[in-house]
file entry_35.txt (compact mmCIF, C-alpha atoms and all ligand atoms)
# COMPACT_ATOMS: atom_id res chain seq x y z
CA MET A 1157 -13.72 20.55 8.00
CA ALA A 1158 -11.11 22.99 9.32
CA ALA A 1159 -8.65 24.26 6.74
CA ASP A 1160 -5.77 24.91 9.06
CA ASN A 1161 -5.05 21.29 9.89
CA PHE A 1162 -1.32 20.86 10.11
CA ALA A 1163 -0.30 18.25 7.58
CA GLY A 1164 0.17 14.87 8.54
CA GLY A 1165 2.07 12.53 10.61
CA TRP A 1166 5.07 13.34 8.45
CA LEU A 1167 6.36 16.81 9.35
CA SER A 1168 7.01 16.96 13.07
CA SER A 1169 6.88 20.78 13.11
CA PRO A 1170 6.00 23.50 10.59
CA PRO A 1171 8.99 24.60 8.51
CA ALA A 1172 10.49 27.95 9.51
CA ASP A 1173 11.36 29.13 5.99
CA GLY A 1174 9.51 29.04 2.72
CA PRO A 1175 10.67 26.37 0.27
CA ALA A 1176 13.39 27.31 -2.20
CA SER A 1177 11.93 24.99 -4.85
CA GLY A 1178 8.35 26.26 -4.71
CA PHE A 1179 7.02 23.03 -3.17
CA ASP A 1180 5.53 23.66 0.24
CA PRO A 1181 6.77 20.99 2.69
CA GLN A 1182 3.31 20.91 4.29
CA TYR A 1183 1.86 20.00 0.91
CA LEU A 1184 4.51 17.28 0.48
CA ALA A 1185 3.76 15.92 3.97
CA ALA A 1186 0.02 15.81 3.25
CA LYS A 1187 0.69 14.21 -0.13
CA LYS A 1188 2.32 11.18 1.52
CA SER A 1189 -0.89 9.47 2.58
CA ILE A 1190 -2.56 10.38 -0.73
CA ASP A 1191 0.37 8.79 -2.59
CA ASP A 1192 0.34 5.74 -0.29
CA ARG A 1193 -3.19 5.09 -1.44
CA ALA A 1194 -2.59 5.93 -5.09
CA LEU A 1195 0.63 4.06 -5.87
CA ASN A 1196 0.05 1.21 -8.26
CA ARG A 1197 0.37 -2.05 -6.30
CA TYR A 1198 1.08 -4.16 -9.38
CA VAL A 1199 4.08 -2.00 -10.31
CA TRP A 1200 5.20 -1.95 -6.68
CA THR A 1201 4.97 -5.75 -6.42
CA GLU A 1202 7.06 -6.15 -9.56
CA LEU A 1203 9.68 -3.84 -8.02
CA TYR A 1204 9.55 -5.87 -4.80
CA LYS A 1205 10.12 -9.11 -6.72
CA THR A 1206 12.76 -7.76 -9.11
CA LEU A 1207 15.03 -5.74 -6.83
CA PRO A 1208 16.62 -8.75 -5.06
CA GLN A 1209 17.36 -10.39 -8.46
CA THR A 1210 18.93 -7.15 -9.65
CA THR A 1211 21.34 -6.73 -6.77
CA GLY A 1212 22.48 -10.36 -7.10
CA GLY A 1213 23.21 -10.59 -3.39
CA GLU A 1214 25.21 -7.34 -3.25
CA PRO A 1215 24.05 -4.55 -0.92
CA ALA A 1216 21.36 -2.60 -2.79
CA ASN A 1217 22.61 0.75 -4.03
CA ILE A 1218 19.70 3.16 -4.54
CA VAL A 1219 19.43 6.78 -5.65
CA GLU A 1220 16.33 8.96 -5.44
CA ILE A 1221 15.89 12.09 -7.55
CA GLY A 1222 13.78 14.92 -6.07
CA ALA A 1223 13.43 13.13 -2.73
CA GLY A 1224 11.72 16.13 -1.11
CA ILE A 1225 11.14 15.62 2.61
CA GLY A 1226 12.03 11.92 2.59
CA THR A 1227 8.63 10.24 2.35
CA MET A 1228 9.59 7.62 -0.26
CA LEU A 1229 12.47 6.30 1.82
CA ALA A 1230 10.10 5.85 4.79
CA ARG A 1231 7.57 4.13 2.55
CA MET A 1232 10.21 1.76 1.19
CA VAL A 1233 11.11 0.71 4.72
CA ASP A 1234 7.51 0.59 5.96
CA TRP A 1235 6.38 -1.48 2.98
CA GLY A 1236 9.24 -3.96 3.39
CA LEU A 1237 11.13 -3.21 0.18
CA LEU A 1238 14.42 -2.47 1.86
CA THR A 1239 15.88 -5.47 3.59
CA GLY A 1240 19.50 -6.29 4.30
CA PRO A 1241 22.34 -3.87 3.73
CA THR A 1242 21.40 -0.91 1.53
CA THR A 1243 22.85 2.44 0.51
CA TYR A 1244 20.25 5.14 -0.19
CA LEU A 1245 21.36 8.40 -1.79
CA ALA A 1246 18.52 10.93 -1.44
CA THR A 1247 18.96 13.96 -3.69
CA ASP A 1248 16.95 17.12 -4.23
CA CYS A 1249 17.67 20.57 -5.61
CA ASP A 1250 16.25 22.08 -2.39
CA ALA A 1251 18.64 21.69 0.55
CA GLY A 1252 15.84 22.89 2.88
CA HIS A 1253 13.71 19.89 1.95
CA LEU A 1254 16.56 17.53 2.75
CA ARG A 1255 17.06 19.23 6.14
CA LEU A 1256 13.36 18.65 6.89
CA ALA A 1257 13.71 15.06 5.68
CA ARG A 1258 16.39 14.47 8.27
CA HIS A 1259 14.11 15.74 11.09
CA SER A 1260 11.01 13.92 9.88
CA LEU A 1261 12.88 10.65 9.40
CA GLY A 1262 14.21 11.03 12.95
CA ALA A 1263 10.66 11.29 14.36
CA TRP A 1264 9.46 8.46 12.13
CA ALA A 1265 12.34 6.18 13.21
CA ASP A 1266 11.73 6.96 16.92
CA GLU A 1267 8.06 6.08 16.57
CA ARG A 1268 8.94 2.66 15.15
CA GLY A 1269 11.81 1.92 17.47
CA TYR A 1270 14.43 2.10 14.69
CA THR A 1271 17.87 3.50 15.30
CA LEU A 1272 18.80 6.48 13.14
CA LEU A 1273 22.21 8.04 13.77
CA TRP A 1274 23.92 10.88 11.91
CA PRO A 1275 27.70 10.52 12.23
CA GLU A 1276 27.98 13.38 9.70
CA GLN A 1277 25.62 16.15 8.62
CA GLN A 1278 24.70 14.46 5.32
CA ARG A 1279 25.33 10.85 6.26
CA GLY A 1280 23.10 8.70 8.43
CA ARG A 1281 22.71 5.10 9.42
CA LEU A 1282 19.26 3.58 9.85
CA SER A 1283 18.92 0.21 11.54
CA THR A 1284 15.65 -1.71 11.61
CA ALA A 1285 14.97 -5.37 12.40
CA GLN A 1286 15.17 -6.11 8.65
CA ALA A 1287 17.50 -3.53 7.18
CA GLU A 1288 20.76 -1.70 7.67
CA ILE A 1289 20.63 1.44 5.53
CA ALA A 1290 23.49 3.87 4.92
CA LEU A 1291 21.84 7.21 4.09
CA VAL A 1292 23.50 9.91 2.07
CA PHE A 1293 21.75 13.24 1.44
CA GLU A 1294 22.96 15.47 -1.35
CA ALA A 1295 21.50 18.77 -2.52
CA VAL A 1296 22.02 18.48 -6.24
CA ARG A 1297 19.92 19.13 -9.33
CA ALA A 1298 18.92 16.15 -11.45
CA GLU A 1299 20.37 17.93 -14.49
CA GLU A 1300 23.77 18.07 -12.81
CA MET A 1301 23.60 14.39 -11.84
CA ALA A 1302 22.80 13.52 -15.44
CA ARG A 1303 25.89 15.50 -16.53
CA ARG A 1304 28.41 14.14 -14.05
CA THR A 1305 27.53 10.46 -14.30
CA GLU A 1306 31.16 9.34 -14.06
CA THR A 1307 31.48 10.73 -10.51
CA MET A 1308 28.07 9.65 -9.20
CA GLY A 1309 28.71 5.88 -9.10
CA THR A 1310 26.30 3.22 -10.35
CA PHE A 1311 23.03 2.14 -8.82
CA HIS A 1312 20.78 -0.92 -8.81
CA LEU A 1313 17.71 1.31 -8.59
CA VAL A 1314 16.92 4.90 -9.51
CA ILE A 1315 13.70 6.34 -8.07
CA ALA A 1316 11.85 9.45 -9.17
CA HIS A 1317 8.48 10.07 -7.55
CA ALA A 1318 6.25 12.99 -8.62
CA VAL A 1319 9.21 14.84 -10.06
CA LEU A 1320 9.80 13.89 -13.70
CA ASP A 1321 7.25 16.45 -14.98
CA LEU A 1322 9.72 19.07 -13.75
CA LEU A 1323 12.60 17.78 -15.87
CA ASP A 1324 13.39 18.07 -19.55
CA LEU A 1325 13.06 14.33 -20.14
CA PRO A 1326 14.89 13.93 -23.47
CA ALA A 1327 17.80 15.97 -22.11
CA VAL A 1328 18.04 14.50 -18.61
CA LEU A 1329 16.65 10.97 -18.73
CA PRO A 1330 19.49 9.31 -20.70
CA GLY A 1331 22.06 10.60 -18.18
CA LEU A 1332 19.96 9.53 -15.19
CA LEU A 1333 19.40 6.07 -16.65
CA SER A 1334 23.10 5.71 -17.37
CA LEU A 1335 23.61 5.79 -13.58
CA LEU A 1336 22.18 2.27 -13.54
CA THR A 1337 24.09 -0.99 -13.47
CA SER A 1338 23.66 -2.99 -16.68
CA ASN A 1339 20.42 -4.61 -15.48
CA GLY A 1340 19.50 -1.83 -13.03
CA LEU A 1341 15.91 -0.71 -12.38
CA ALA A 1342 14.09 2.59 -12.77
CA TYR A 1343 11.03 3.10 -10.57
CA PHE A 1344 9.25 6.22 -11.79
CA SER A 1345 6.02 6.82 -9.93
CA CYS A 1346 3.19 9.39 -9.88
CA ASN A 1347 3.88 10.85 -13.32
CA PHE A 1348 1.14 13.32 -14.20
CA ASP A 1349 -0.75 12.41 -17.34
CA GLY A 1350 -2.93 15.25 -18.47
CA THR A 1351 -6.23 14.97 -16.56
CA THR A 1352 -7.31 17.19 -13.68
CA LEU A 1353 -10.95 16.95 -12.61
CA PHE A 1354 -12.94 18.75 -9.95
CA LEU A 1355 -16.52 17.72 -9.07
CA PRO A 1356 -19.32 18.69 -8.73
CA GLU A 1357 -19.43 20.22 -12.18
CA TYR A 1358 -18.79 23.95 -12.08
CA PRO A 1359 -21.55 26.04 -13.68
CA GLY A 1360 -20.64 27.84 -16.92
CA GLY A 1361 -17.57 27.06 -19.02
CA GLU A 1362 -15.07 28.82 -16.74
CA GLU A 1363 -13.54 25.79 -15.06
CA GLU A 1364 -12.85 24.09 -18.36
CA GLU A 1365 -10.82 27.12 -19.42
CA ILE A 1366 -9.06 27.35 -16.02
CA VAL A 1367 -7.96 23.70 -16.18
CA ARG A 1368 -6.95 24.06 -19.84
CA ARG A 1369 -4.85 27.11 -18.98
CA TYR A 1370 -3.36 25.31 -15.96
CA HIS A 1371 -2.16 22.45 -18.16
CA ALA A 1372 -0.95 24.99 -20.73
CA SER A 1373 1.11 26.70 -18.00
CA MET A 1374 2.91 23.38 -17.38
CA GLU A 1375 3.61 23.15 -21.10
CA ALA A 1376 4.87 26.75 -21.14
CA ARG A 1377 7.33 25.85 -18.37
CA LEU A 1378 8.45 22.67 -20.12
CA THR A 1379 7.09 21.19 -23.33
CA GLY A 1380 5.44 17.83 -22.67
CA ALA A 1381 5.24 18.33 -18.87
CA SER A 1382 1.47 17.88 -18.72
CA ARG A 1383 1.80 14.54 -20.57
CA THR A 1384 4.78 13.16 -18.65
CA GLY A 1385 3.05 9.82 -17.99
CA ARG A 1386 2.45 8.90 -21.62
CA ARG A 1387 5.83 10.26 -22.72
CA LEU A 1388 7.53 7.92 -20.27
CA LEU A 1389 5.32 5.06 -21.43
CA SER A 1390 6.90 5.51 -24.81
CA LEU A 1391 10.46 6.51 -23.79
CA LEU A 1392 10.86 3.54 -21.45
CA GLN A 1393 10.12 1.15 -24.32
CA GLY A 1394 12.94 2.67 -26.35
CA PRO A 1395 16.28 1.04 -27.14
CA GLY A 1396 18.28 -0.15 -24.15
CA PHE A 1397 15.26 -0.52 -21.84
CA GLU A 1398 12.64 -3.07 -21.01
CA LEU A 1399 9.39 -1.83 -19.51
CA LEU A 1400 8.65 -4.40 -16.80
CA ALA A 1401 5.44 -2.93 -15.42
CA ALA A 1402 3.17 0.08 -15.85
CA GLY A 1403 -0.08 1.14 -14.23
CA SER A 1404 -2.21 4.01 -13.00
CA SER A 1405 -1.63 5.84 -9.73
CA ASP A 1406 -4.40 8.41 -9.94
CA TRP A 1407 -5.05 10.71 -7.02
CA VAL A 1408 -8.75 10.34 -6.22
CA ILE A 1409 -10.10 12.27 -3.24
CA HIS A 1410 -13.74 12.33 -2.23
CA PRO A 1411 -15.52 13.17 1.02
CA ARG A 1412 -16.92 10.52 3.31
CA HIS A 1413 -19.84 11.77 5.41
CA GLU A 1414 -18.86 15.28 4.28
CA THR A 1415 -15.38 15.05 5.76
CA TYR A 1416 -11.83 14.33 4.63
CA SER A 1417 -8.69 13.27 6.44
CA GLY A 1418 -6.47 16.14 7.64
CA ASP A 1419 -4.00 15.34 4.86
CA GLU A 1420 -6.74 15.48 2.24
CA VAL A 1421 -7.86 18.93 3.43
CA VAL A 1422 -4.32 20.33 3.25
CA PHE A 1423 -3.72 18.69 -0.12
CA LEU A 1424 -6.97 19.94 -1.71
CA HIS A 1425 -6.52 23.53 -0.51
CA ALA A 1426 -2.91 23.48 -1.72
CA LEU A 1427 -3.92 22.23 -5.17
CA ILE A 1428 -6.63 24.86 -5.61
CA ALA A 1429 -4.21 27.57 -4.43
CA THR A 1430 -1.55 26.30 -6.85
CA VAL A 1431 -3.91 26.53 -9.81
CA GLU A 1432 -4.98 30.04 -8.79
CA GLN A 1433 -1.43 31.30 -8.21
CA GLU A 1434 -0.18 29.76 -11.42
CA LEU A 1435 -2.81 31.56 -13.49
CA ALA A 1436 -3.13 34.84 -11.56
CA GLY A 1437 -1.77 37.13 -14.21
CA LYS A 1438 1.65 35.50 -14.50
CA SER A 1439 1.54 35.16 -18.25
CA GLY A 1440 -1.14 37.42 -19.61
CA PRO A 1441 -4.54 38.10 -18.10
CA ALA A 1442 -5.99 35.59 -15.66
CA PRO A 1443 -8.82 33.42 -17.03
CA PRO A 1444 -12.28 34.87 -16.39
CA GLY A 1445 -13.80 33.95 -13.03
CA LEU A 1446 -10.54 32.55 -11.56
CA VAL A 1447 -10.91 34.15 -8.10
CA ALA A 1448 -14.57 33.13 -7.77
CA TRP A 1449 -13.69 29.61 -8.93
CA ALA A 1450 -10.96 29.23 -6.31
CA ARG A 1451 -13.22 30.64 -3.58
CA THR A 1452 -16.01 28.21 -4.49
CA ARG A 1453 -13.71 25.21 -4.61
CA HIS A 1454 -12.07 26.14 -1.25
CA GLN A 1455 -15.56 26.50 0.27
CA GLN A 1456 -16.51 23.08 -1.07
CA VAL A 1457 -13.48 21.59 0.70
CA GLU A 1458 -14.65 23.21 3.95
CA ALA A 1459 -18.14 21.86 3.38
CA GLY A 1460 -16.90 18.36 2.53
CA ALA A 1461 -18.40 18.58 -0.94
CA LEU A 1462 -15.44 18.51 -3.36
CA THR A 1463 -14.19 15.51 -5.30
CA PHE A 1464 -10.84 15.64 -7.07
CA LEU A 1465 -9.04 13.40 -9.54
CA ALA A 1466 -5.64 13.72 -11.21
CA ARG A 1467 -4.36 11.08 -13.56
CA ASN A 1468 -0.88 9.66 -12.87
CA LEU A 1469 1.11 6.68 -14.14
CA ASP A 1470 3.76 4.48 -12.47
CA PHE A 1471 6.54 2.57 -14.23
CA LEU A 1472 9.18 -0.03 -13.54
CA ALA A 1473 11.82 -0.40 -16.27
CA ARG A 1474 15.08 -2.32 -16.52
CA ARG A 1475 18.21 -1.21 -18.27
CA GLN A 1476 19.17 -3.93 -20.70
CA PRO A 1477 22.76 -5.12 -20.68
CA PRO A 1478 24.67 -4.11 -23.82
CA LEU A 1479 24.75 -6.77 -26.56
CA PRO A 1480 27.91 -8.91 -26.50
C1 LIG B 1501 6.45 17.50 -6.32
S1 LIG B 1501 7.87 17.49 -5.32
C2 LIG B 1501 8.00 15.74 -4.96
C3 LIG B 1501 8.91 15.45 -3.80
C4 LIG B 1501 8.89 13.99 -3.35
N1 LIG B 1501 9.35 13.12 -4.41
C5 LIG B 1501 7.49 13.65 -2.92
O1 LIG B 1501 6.75 13.06 -3.69
O2 LIG B 1501 7.13 14.00 -1.79
C6 LIG B 1501 9.21 17.71 -6.45
C7 LIG B 1501 10.55 17.70 -5.76
O3 LIG B 1501 11.55 17.77 -6.76
C8 LIG B 1501 12.51 18.74 -6.41
N2 LIG B 1501 13.03 19.24 -7.69
C9 LIG B 1501 12.46 20.10 -8.53
N3 LIG B 1501 13.23 20.30 -9.62
C10 LIG B 1501 14.33 19.53 -9.44
C11 LIG B 1501 15.52 19.31 -10.19
N4 LIG B 1501 15.70 19.92 -11.36
N5 LIG B 1501 16.45 18.47 -9.70
C12 LIG B 1501 16.26 17.87 -8.50
N6 LIG B 1501 15.16 18.05 -7.73
C13 LIG B 1501 14.19 18.86 -8.20
C14 LIG B 1501 11.76 19.74 -5.56
O4 LIG B 1501 12.61 20.46 -4.69
C15 LIG B 1501 10.79 18.86 -4.82
O5 LIG B 1501 11.32 18.38 -3.62

call {"tool": "encode", "arguments": {"input": "entry_35.txt", "output": "structure tokens"}}
result
Amino acid sequence: MAADNFAGGWLSSPPADGPASGFDPQYLAAKKSIDDRALNRYVWTELYKTLPQTTGGEPANIVEIGAGIGTMLARMVDWGLLTGPTTYLATDCDAGHLRLARHSLGAWADERGYTLLWPEQQRGRLSTAQAEIALVFEAVRAEEMARRTETMGTFHLVIAHAVLDLLDLPAVLPGLLSLLTSNGLAYFSCNFDGTTLFLPEYPGGEEEEIVRRYHASMEARLTGASRTGRRLLSLLQGPGFELLAAGSSDWVIHPRHETYSGDEVVFLHALIATVEQELAGKSGPAPPGLVAWARTRHQQVEAGALTFLARNLDFLARRQPPLP
């Protein structure tokens, strides 16, 4: 299958600049359909049932951390989570991603016959048959949000999707969770949990070392990053929180009749390239056979012969009201 497929229904045109954050928007666009499939439906259903109880009839006030190019907001509308009046603050450290989000959401809204207007650069209004959503985009780091909680307001729901492995959880999580109302919800999805698997088995022991070094590079960036899923499983059962639901959201990609979807091709090539770039002599010598490994795995994508699995976990937690 061709490798130069442009990712997905999501990005309406290729981005002009490279990403400031290191996450390629084409990879994020391709990831959307992979995530759609992977997200844990039990955790999602619990969120769907619990959010209306949490808002208590008030307009839902939602904040997303690391919103990227806006795919979670679209999913929340498409999957019927957002109904009635809602405020959605989408934040990311990369202002370029949020600019792309604005364009992609425009194309997405047009396709569905929704009205999306932007009275101001960072403020939009999305109207669908079910929902009236005030959008606010803010380029801000999660660490800064966790520090200036008194000026951020309070939220019924905080969302972080495929981003918490980039944050120093013990330092940042308490601040982010303090943005919640007393019974507010945290929906933390696609949290990497330590397993990356490529099939068919690679001959020799080289791949084992490559994957081990890849996970070690995450740890070198941030201790615990490669085990974010299980760390959250424990942290979200700590004092002040109730873990309402947890479940797997593994990415599993395999060929069908030796082909993949366009998104899968982009996603697989991006993942292999990420592993190679991460280990190519950045911290010490590259693991033996890295270049040949990446070449073989890219070729297997082209031939429709590669299977990939990464283990992720999803969570829904509630902030418990303080004791009287
Ligand atoms: C793996 S991407 C996921 C994006 C989006 N949630 C998705 O799944 O498509 C991680 C996102 O987090 C953002 N990010 C990275 N570090 C951040 C930080 N410290 N604070 C806020 N956003 C951050 C990146 O710019 C990127 O958009």

call {"tool": "closest_residue", "arguments": {"input": "entry_35.txt", "among": "A:Thr1310, A:Thr1430, A:Thr1239, A:Gln1393", "to": "ligand LIG 1501 (chain B)", "atoms": "all atoms listed in the file"}}
result
A:Thr1430

call {"tool": "closest_residue", "arguments": {"input": "entry_35.txt", "among": "A:Pro1326, A:Pro1181, A:Pro1443, A:Gly1385", "to": "Gly1350 in chain A", "atoms": "only C-alpha atoms"}}
result
A:Gly1385

call {"tool": "residues_near_point", "arguments": {"input": "entry_35.txt", "point": "(20.6, -4.0, -23.6)", "cutoff": "10 Å", "atoms": "only C-alpha atoms", "output": "PDB file with C-alpha atoms, keeping the file's coordinate frame"}}
result
ATOM      1  CA  SER A1338      23.660  -2.990 -16.680  1.00  0.00           C
ATOM      2  CA  ASN A1339      20.420  -4.610 -15.480  1.00  0.00           C
ATOM      3  CA  PRO A1395      16.280   1.040 -27.140  1.00  0.00           C
ATOM      4  CA  GLY A1396      18.280  -0.150 -24.150  1.00  0.00           C
ATOM      5  CA  PHE A1397      15.260  -0.520 -21.840  1.00  0.00           C
ATOM      6  CA  GLU A1398      12.640  -3.070 -21.010  1.00  0.00           C
ATOM      7  CA  ARG A1474      15.080  -2.320 -16.520  1.00  0.00           C
ATOM      8  CA  ARG A1475      18.210  -1.210 -18.270  1.00  0.00           C
ATOM      9  CA  GLN A1476      19.170  -3.930 -20.700  1.00  0.00           C
ATOM     10  CA  PRO A1477      22.760  -5.120 -20.680  1.00  0.00           C
ATOM     11  CA  PRO A1478      24.670  -4.110 -23.820  1.00  0.00           C
ATOM     12  CA  LEU A1479      24.750  -6.770 -26.560  1.00  0.00           C
ATOM     13  CA  PRO A1480      27.910  -8.910 -26.500  1.00  0.00           C
TER      14      PRO A1480
END

call {"tool": "residues_near_ligand", "arguments": {"input": "entry_35.txt", "ligand": "ligand LIG 1501 (chain B)", "cutoff": "7 Å", "atoms": "all atoms listed in the file", "output": "short mmCIF file (atom, residue, chain, number, x, y, z; two decimals) with C-alpha atoms, keeping the file's coordinate frame"}}
result
data_model
loop_
_atom_site.label_atom_id
_atom_site.label_comp_id
_atom_site.auth_asym_id
_atom_site.auth_seq_id
_atom_site.Cartn_x
_atom_site.Cartn_y
_atom_site.Cartn_z
CA SER A 1177 11.93 24.99 -4.85
CA PHE A 1179 7.02 23.03 -3.17
CA LEU A 1184 4.51 17.28 0.48
CA ALA A 1185 3.76 15.92 3.97
CA LYS A 1187 0.69 14.21 -0.13
CA LYS A 1188 2.32 11.18 1.52
CA ILE A 1221 15.89 12.09 -7.55
CA GLY A 1222 13.78 14.92 -6.07
CA ALA A 1223 13.43 13.13 -2.73
CA GLY A 1224 11.72 16.13 -1.11
CA ILE A 1225 11.14 15.62 2.61
CA GLY A 1226 12.03 11.92 2.59
CA THR A 1227 8.63 10.24 2.35
CA MET A 1228 9.59 7.62 -0.26
CA THR A 1247 18.96 13.96 -3.69
CA ASP A 1248 16.95 17.12 -4.23
CA CYS A 1249 17.67 20.57 -5.61
CA ASP A 1250 16.25 22.08 -2.39
CA HIS A 1253 13.71 19.89 1.95
CA VAL A 1296 22.02 18.48 -6.24
CA ARG A 1297 19.92 19.13 -9.33
CA ALA A 1298 18.92 16.15 -11.45
CA GLU A 1299 20.37 17.93 -14.49
CA ALA A 1316 11.85 9.45 -9.17
CA HIS A 1317 8.48 10.07 -7.55
CA ALA A 1318 6.25 12.99 -8.62
CA VAL A 1319 9.21 14.84 -10.06
CA LEU A 1322 9.72 19.07 -13.75
CA LEU A 1323 12.60 17.78 -15.87
#

call {"tool": "residues_around", "arguments": {"input": "entry_35.txt", "residues": "Glu1363 in chain A", "least_positions_apart": "5", "cutoff": "9 Å", "atoms": "all atoms listed in the file", "output": "PyMOL selection string"}}
result
chain A and resi 1354+1357-1358+1368+1445-1446+1449

call {"tool": "residues_around", "arguments": {"input": "entry_35.txt", "residues": "Ala1216 in chain A", "least_positions_apart": "6", "cutoff": "10 Å", "atoms": "all atoms listed in the file", "output": "PyMOL selection string"}}
result
chain A and resi 1207-1208+1210+1238-1244+1289+1311-1313

call {"tool": "residues_around", "arguments": {"input": "entry_35.txt", "residues": "range 1195-1203 of chain A", "least_positions_apart": "4", "cutoff": "8 Å", "atoms": "all atoms listed in the file", "output": "ChimeraX atom specification"}}
result
/A:1191,1207,1343,1345-1346,1400-1406,1470-1472

call {"tool": "closest_residue", "arguments": {"input": "entry_35.txt", "among": "A:Ala1246, A:Leu1469, A:Ile1409, A:Leu1335", "to": "Phe1348 in chain A", "atoms": "all atoms listed in the file"}}
result
A:Leu1469

call {"tool": "closest_residue", "arguments": {"input": "entry_35.txt", "among": "A:Gln1277, A:Thr1206, A:Ala1376, A:Thr1284", "to": "Asp1234 in chain A", "atoms": "all atoms listed in the file"}}
result
A:Thr1284

call {"tool": "atom_distance", "arguments": {"input": "entry_35.txt", "atom1": "CA of Ala1381 in chain A", "atom2": "CA of Asp1321 in chain A"}}
result
4.8 Å

call {"tool": "axis_aligned_box", "arguments": {"input": "entry_35.txt", "around": "range 1342-1351 of chain A", "padding_each_side": "3 Å", "output": "JSON"}}
result
{"center_x": 3.9, "center_y": 8.9, "center_z": -14.2, "size_x": 26.3, "size_y": 18.7, "size_z": 14.6}

call {"tool": "closest_residue", "arguments": {"input": "entry_35.txt", "among": "A:Ala1426, A:Val1219, A:Val1233, A:Leu1261", "to": "Leu1332 in chain A", "atoms": "only C-alpha atoms"}}
result
A:Val1219

call {"tool": "atom_distance", "arguments": {"input": "entry_35.txt", "atom1": "CA of Ala1295 in chain A", "atom2": "CA of Arg1258 in chain A"}}
result
12.7 Å

call {"tool": "atom_distance", "arguments": {"input": "entry_35.txt", "atom1": "CA of Glu1288 in chain A", "atom2": "CA of Leu1167 in chain A"}}
result
23.5 Å

call {"tool": "build_atoms", "arguments": {"input": "entry_35.txt", "residues": "range 1206-1210 of chain A", "atoms": "all heavy atoms", "output": "PDB file, in the frame of the given file"}}
result
ATOM      1  N   THR A1206      11.621  -7.868  -8.191  1.00  0.00           N
ATOM      2  CA  THR A1206      12.760  -7.760  -9.110  1.00  0.00           C
ATOM      3  C   THR A1206      14.023  -7.210  -8.449  1.00  0.00           C
ATOM      4  O   THR A1206      15.132  -7.540  -8.873  1.00  0.00           O
ATOM      5  CB  THR A1206      12.376  -6.837 -10.307  1.00  0.00           C
ATOM      6  OG1 THR A1206      11.055  -7.150 -10.696  1.00  0.00           O
ATOM      7  CG2 THR A1206      13.289  -7.034 -11.485  1.00  0.00           C
ATOM      8  N   LEU A1207      13.839  -6.378  -7.421  1.00  0.00           N
ATOM      9  CA  LEU A1207      15.030  -5.740  -6.830  1.00  0.00           C
ATOM     10  C   LEU A1207      16.044  -6.757  -6.304  1.00  0.00           C
ATOM     11  O   LEU A1207      17.249  -6.640  -6.608  1.00  0.00           O
ATOM     12  CB  LEU A1207      14.608  -4.729  -5.736  1.00  0.00           C
ATOM     13  CG  LEU A1207      15.744  -3.927  -5.109  1.00  0.00           C
ATOM     14  CD1 LEU A1207      16.498  -3.108  -6.156  1.00  0.00           C
ATOM     15  CD2 LEU A1207      15.226  -3.018  -3.995  1.00  0.00           C
ATOM     16  N   PRO A1208      15.621  -7.793  -5.554  1.00  0.00           N
ATOM     17  CA  PRO A1208      16.620  -8.750  -5.060  1.00  0.00           C
ATOM     18  C   PRO A1208      17.374  -9.458  -6.198  1.00  0.00           C
ATOM     19  O   PRO A1208      18.572  -9.713  -6.087  1.00  0.00           O
ATOM     20  CB  PRO A1208      15.798  -9.754  -4.256  1.00  0.00           C
ATOM     21  CG  PRO A1208      14.510  -9.083  -3.959  1.00  0.00           C
ATOM     22  CD  PRO A1208      14.269  -8.105  -5.054  1.00  0.00           C
ATOM     23  N   GLN A1209      16.667  -9.746  -7.318  1.00  0.00           N
ATOM     24  CA  GLN A1209      17.360 -10.390  -8.460  1.00  0.00           C
ATOM     25  C   GLN A1209      18.391  -9.441  -9.055  1.00  0.00           C
ATOM     26  O   GLN A1209      19.439  -9.845  -9.546  1.00  0.00           O
ATOM     27  CB  GLN A1209      16.365 -10.757  -9.574  1.00  0.00           C
ATOM     28  CG  GLN A1209      15.269 -11.707  -9.156  1.00  0.00           C
ATOM     29  CD  GLN A1209      14.063 -11.637 -10.102  1.00  0.00           C
ATOM     30  OE1 GLN A1209      14.119 -11.048 -11.173  1.00  0.00           O
ATOM     31  NE2 GLN A1209      12.957 -12.240  -9.682  1.00  0.00           N
ATOM     32  N   THR A1210      18.077  -8.151  -9.011  1.00  0.00           N
ATOM     33  CA  THR A1210      18.930  -7.150  -9.650  1.00  0.00           C
ATOM     34  C   THR A1210      20.228  -6.927  -8.876  1.00  0.00           C
ATOM     35  O   THR A1210      21.285  -6.715  -9.462  1.00  0.00           O
ATOM     36  CB  THR A1210      18.147  -5.809  -9.752  1.00  0.00           C
ATOM     37  OG1 THR A1210      16.927  -6.080 -10.422  1.00  0.00           O
ATOM     38  CG2 THR A1210      18.924  -4.759 -10.496  1.00  0.00           C
TER      39      THR A1210
END
